[in-house]
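Engineer: Can you read through this structure? Questions will come right after.
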Amino acid sequence: MSDSSHIPPPPSVGDSGHRRYHGLDFTRAVMMLLGVVLHTALVFQEQDGLWVYYDPERSPLAGLLALSIHIFRMPVFFVMAGFFGAMLFTRKGPRVFAGHRFDRIVIPLVIGWFVLYPLLAWSLSFAFTHSSQAEDGRSIFATLKEMSWNADFIDAGPMHLWFLYYLVYYYVFFAIATMFLRKIAGPMVAVFRRGVHALSLGRLRWLRLPLLVIISIPFMLTMENVGFDTPMEWAPLWHVLGAYAIYFGVGWVCYHHREVVESLERFAWLRLLSGFFLLCVGIVLSIIWYLSVFAPPSDAPGDGFMSVLFIVTQCVQVVSVWLLVFGLTGVCERLFRRENRAVRYLVDASYWIYLLHLPLTIFIPACFRYWDIDGTVKMLVMMILVTIPLLISYHFLVRGTVLGVVLSGRRYPVWPLTNRSPANTE
């Protein structure tokens, strides 16, 4: 997840093949950090039945936050993951790439799941026990005594770690496909590269967005709900796997055509604002769709209306996502041309924060369940309280330890925070 953070520094600023893409690294980290916002907001949304636990104080902002983040976060993340995956594969070779991805993806997936699933189960047990206690005997300590500490693994799914599971598929497929095409289909690769160049910077560049939308739409129309379906089981959802593969593949191809990244810096703010506008339109359409789905049978619209609304909503969301991908890429690369220490710290911490955050987004709001305060204020405070222990644990338990090596390939000096280059452990 932090592929670029442990790649050796560039030999020269002007060498586009070895430059540091601080903006793309920042974008990827923000997408991961938004997981804290998303899963905390789900606890405070007004609509029941969409999450496992709810706070009694609700916020009208929570549902909008969760819906908007859900539309664009994972597509943008997979584009960035594909870009940095191709960077690692190209610069280090297949063997180092395989070992690196095993250390950074497979090990956190396997070990993390066996640690995080019991923590999530215990957090839910605490939350439900605390919510059912009588007022006269209610306390956190009493809840800890009464709650169940058993975690049932029988029907356990991948939780929020499903993205690591899907990344394994993508890394294997695109690495093998790249090696195969290089050795077997050289002329085909040359034609493909000329086509990509024409679509990126040549006369056909105006077709770039329509072509990506056309490729993405068929998978989006197979979703059960508007937006992207969320994998809940270990068996892959093939339509979801295929939908995100397009975004990952675009990122992978873009590394081999890095001039695209530089070209996106032009008109970047226009693309970003256009994407945000269409995102707002997509949110409105999604709300209409969900209201229609949950409407009483007597008020429910016909199947024809729902089908048309679903198609239009998915199309608008796809266009908005690609515009946001283009816009965020260009804007962040313009803003982060040089490394910033504070930003670099958050980028390095983002993987750990995302891995560990889900149980805390249940446990900490449950501890404050009976705090009578405005739901929006309470939600924002919970987001901060969830993030604080994650940052503290990263700083003291990960940053300067072997966990830091596993997650980001580096062991950083914890104190003092200096500009010294940490030892590269690859």
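For the structure tokens, the naming scheme is as follows: chains receive sequential letters (A, B, ...) according to their order of presentation, residues are indexed from 1 within each chain, and ligands are indexed from 1 in presentation order.
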According to DSSP computed on the backbone, where in stretch 231-366 of chain A is there alpha helix (DSSP H)? Give the residues as JSON, numbers by chain.
Structural biologist: {"A": [238, 239, 240, 241, 242, 243, 244, 245, 246, 247, 248, 249, 250, 251, 252, 253, 254, 255, 259, 260, 261, 262, 263, 268, 269, 270, 271, 272, 273, 274, 275, 276, 277, 278, 279, 280, 281, 282, 283, 284, 285, 286, 287, 288, 289, 290, 291, 292, 293, 303, 304, 305, 306, 307, 308, 309, 310, 311, 312, 313, 314, 315, 316, 317, 318, 319, 320, 321, 322, 323, 324, 325, 326, 327, 328, 329, 330, 331, 332, 333, 334, 335, 341, 342, 343, 344, 345, 346, 347, 348, 349, 350, 351, 352, 353, 354, 355, 356, 357, 358, 359, 360, 361, 362, 363, 364, 365, 366]}
Engineer: Excluding A:Thr313 and its own-chain neighbours fewer than 3 positions away, which residues fall within 10 Å of it when counting only C-alpha atoms? Please give them as a list in words.
Structural biologist: Met220, Leu221, Val226, Gly227, Val281, Gly282, Ile283, Val284, Leu285, Ser286, Ile287, Ile288, Trp289, Ser307, Val308, Leu309, Phe310, Val316, Gln317 and Val318 of chain A
Engineer: Would you please work out which residue, of A:Gly249, A:Pro75, A:Gly63, A:Gly195, is nearest to A:Leu207 when using only C-alpha atoms?
Structural biologist: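 Closest to A:Leu207, using only C-alpha atoms: A:Gly195.
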Engineer: Mind giving me the straight-line distance from atom CA of A:Ala142 to atom CA of A:Ala121 in Å, one decimal?
Structural biologist: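 Distance reported for this atom pair: 18.0 Å.
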Engineer: Given the choices A:Met379, A:Ile105, A:Leu181, A:Met188, which gets closest to A:Glu57 if the distance is worked out from only C-alpha atoms?
Structural biologist: A:Met379
Engineer: Could you check which of A:Tyr345, A:Phe44, A:Phe78, A:Phe173 is closest to A:Leu65, using only C-alpha atoms?
Structural biologist: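 Selected residue with least distance to A:Leu65: A:Phe44.
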Engineer: Figure out the distance between atom CA of A:Tyr244 and atom CA of A:Glu224, please, to one decimal in Å.
Structural biologist: 15.4 Å
Engineer: Do a neighbour search on A:Pro158 at 7 Å with only C-alpha atoms, toss out local chain neighbours closer than 4 positions, and write the hits as a PyMOL selection string.
Structural biologist: chain A and resi 162+232-234
Engineer: Write the residues you've just listed into a file as a CSV table (one decimal), in the first residue's frame, and include N, CA, C and O atoms for each of them.
Structural biologist:
chain,number,residue,atom,x,y,z
A,162,TRP,N,-11.2,-6.7,2.4
A,162,TRP,CA,-11.5,-7.2,1.1
A,162,TRP,C,-10.7,-6.6,0.0
A,162,TRP,O,-10.3,-7.3,-1.0
A,232,MET,N,-18.8,-9.0,0.8
A,232,MET,CA,-19.0,-9.4,2.2
A,232,MET,C,-18.5,-10.8,2.5
A,232,MET,O,-18.5,-11.2,3.6
A,233,GLU,N,-18.1,-11.5,1.4
A,233,GLU,CA,-17.7,-12.9,1.6
A,233,GLU,C,-16.4,-13.1,0.9
A,233,GLU,O,-15.9,-12.3,0.1
A,234,TRP,N,-15.8,-14.3,1.2
A,234,TRP,CA,-14.4,-14.6,0.7
A,234,TRP,C,-14.5,-14.9,-0.8
A,234,TRP,O,-13.6,-14.7,-1.6
Engineer: Which residue out of A:Ile388, A:Ile140, A:Ala243, A:Ala62 has the minimum interatomic distance to A:Thr376 when only C-alpha atoms are used?
Structural biologist: A:Ala62
Engineer: Which residue is closest to A:Arg341? Choose from A:Cys367, A:Pro210, A:His22, A:Trp122 and count only C-alpha atoms.
Structural biologist: A:His22
Engineer: Looking at only C-alpha atoms, which of A:Ile384, A:Leu212, A:Leu291, A:Ile362 is the one that sits closest to A:Val319?
Structural biologist: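 The shortest atom-to-atom distance to A:Val319 comes from A:Leu212.
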Engineer: In Å to one decimal, how far is atom CA of A:His70 from atom CA of A:Val293?
Structural biologist: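 If I compute the distance from atom CA of A:Val293 to atom CA of A:His70, I get 18.5 Å.
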Engineer: Excluding stretch 129-138 of chain A and any residue of its chain fewer than 5 positions from it, enumerate the residues within 12 Å of it, using only C-alpha atoms, and give them as an MDAnalysis selection string.
Structural biologist: chainID A and resid 53:56 122:124 143:149 362:370
Engineer: Skipping near chain neighbours, those fewer than 4 positions away, what residues fall within 7 Å of stretch 82-91 of chain A using only C-alpha atoms, listed as an MDAnalysis selection string?
Structural biologist: chainID A and resid 3:4 78 97 248:249 251:252 254:255
Engineer: If you count only C-alpha atoms, which residues fall within 10 Å of A:Glu262, apart from same-chain ones fewer than 2 positions away, as a PyMOL selection string?
Structural biologist: chain A and resi 16+257-260+264-266+329-330+333-334
Engineer: Emit the selected residues as a PDB file, in the first residue's frame, including N, CA, C and O atoms.
Structural biologist:
ATOM      1  N   SER A  16      11.885  11.603 -15.469  1.00  0.00           N
ATOM      2  CA  SER A  16      10.486  11.272 -15.214  1.00  0.00           C
ATOM      3  C   SER A  16      10.296   9.808 -14.911  1.00  0.00           C
ATOM      4  O   SER A  16       9.292   9.419 -14.326  1.00  0.00           O
ATOM      5  N   HIS A 257       2.997   5.158 -19.318  1.00  0.00           N
ATOM      6  CA  HIS A 257       2.763   6.374 -20.100  1.00  0.00           C
ATOM      7  C   HIS A 257       2.673   7.537 -19.124  1.00  0.00           C
ATOM      8  O   HIS A 257       1.654   8.219 -19.017  1.00  0.00           O
ATOM      9  N   ARG A 258       3.780   7.782 -18.420  1.00  0.00           N
ATOM     10  CA  ARG A 258       3.763   8.735 -17.310  1.00  0.00           C
ATOM     11  C   ARG A 258       3.546  10.171 -17.784  1.00  0.00           C
ATOM     12  O   ARG A 258       3.248  11.044 -16.973  1.00  0.00           O
ATOM     13  N   GLU A 259       3.705  10.386 -19.088  1.00  0.00           N
ATOM     14  CA  GLU A 259       3.421  11.721 -19.594  1.00  0.00           C
ATOM     15  C   GLU A 259       1.957  12.093 -19.404  1.00  0.00           C
ATOM     16  O   GLU A 259       1.605  13.279 -19.389  1.00  0.00           O
ATOM     17  N   VAL A 260       1.094  11.073 -19.234  1.00  0.00           N
ATOM     18  CA  VAL A 260      -0.326  11.343 -18.984  1.00  0.00           C
ATOM     19  C   VAL A 260      -0.494  12.107 -17.673  1.00  0.00           C
ATOM     20  O   VAL A 260      -1.307  13.025 -17.563  1.00  0.00           O
ATOM     21  N   LEU A 264      -2.234  15.820 -17.170  1.00  0.00           N
ATOM     22  CA  LEU A 264      -3.437  16.049 -16.369  1.00  0.00           C
ATOM     23  C   LEU A 264      -3.309  17.253 -15.442  1.00  0.00           C
ATOM     24  O   LEU A 264      -4.297  17.686 -14.851  1.00  0.00           O
ATOM     25  N   GLU A 265      -2.096  17.778 -15.303  1.00  0.00           N
ATOM     26  CA  GLU A 265      -1.940  18.984 -14.496  1.00  0.00           C
ATOM     27  C   GLU A 265      -2.581  20.186 -15.165  1.00  0.00           C
ATOM     28  O   GLU A 265      -2.946  21.150 -14.493  1.00  0.00           O
ATOM     29  N   ARG A 266      -2.697  20.129 -16.489  1.00  0.00           N
ATOM     30  CA  ARG A 266      -3.393  21.205 -17.203  1.00  0.00           C
ATOM     31  C   ARG A 266      -4.902  21.003 -17.057  1.00  0.00           C
ATOM     32  O   ARG A 266      -5.409  19.896 -17.209  1.00  0.00           O
ATOM     33  N   THR A 329      -5.590  13.660  -9.648  1.00  0.00           N
ATOM     34  CA  THR A 329      -4.225  13.397 -10.100  1.00  0.00           C
ATOM     35  C   THR A 329      -3.518  14.693 -10.457  1.00  0.00           C
ATOM     36  O   THR A 329      -2.395  14.959 -10.007  1.00  0.00           O
ATOM     37  N   GLY A 330      -4.158  15.513 -11.277  1.00  0.00           N
ATOM     38  CA  GLY A 330      -3.529  16.751 -11.701  1.00  0.00           C
ATOM     39  C   GLY A 330      -3.343  17.751 -10.583  1.00  0.00           C
ATOM     40  O   GLY A 330      -2.263  18.338 -10.422  1.00  0.00           O
ATOM     41  N   GLU A 333      -0.685  16.501  -7.942  1.00  0.00           N
ATOM     42  CA  GLU A 333       0.675  16.586  -8.473  1.00  0.00           C
ATOM     43  C   GLU A 333       1.153  18.030  -8.579  1.00  0.00           C
ATOM     44  O   GLU A 333       2.343  18.302  -8.440  1.00  0.00           O
ATOM     45  N   ARG A 334       0.232  18.942  -8.817  1.00  0.00           N
ATOM     46  CA  ARG A 334       0.615  20.358  -8.845  1.00  0.00           C
ATOM     47  C   ARG A 334       0.911  20.887  -7.450  1.00  0.00           C
ATOM     48  O   ARG A 334       1.828  21.689  -7.250  1.00  0.00           O
TER      49      ARG A 334
END
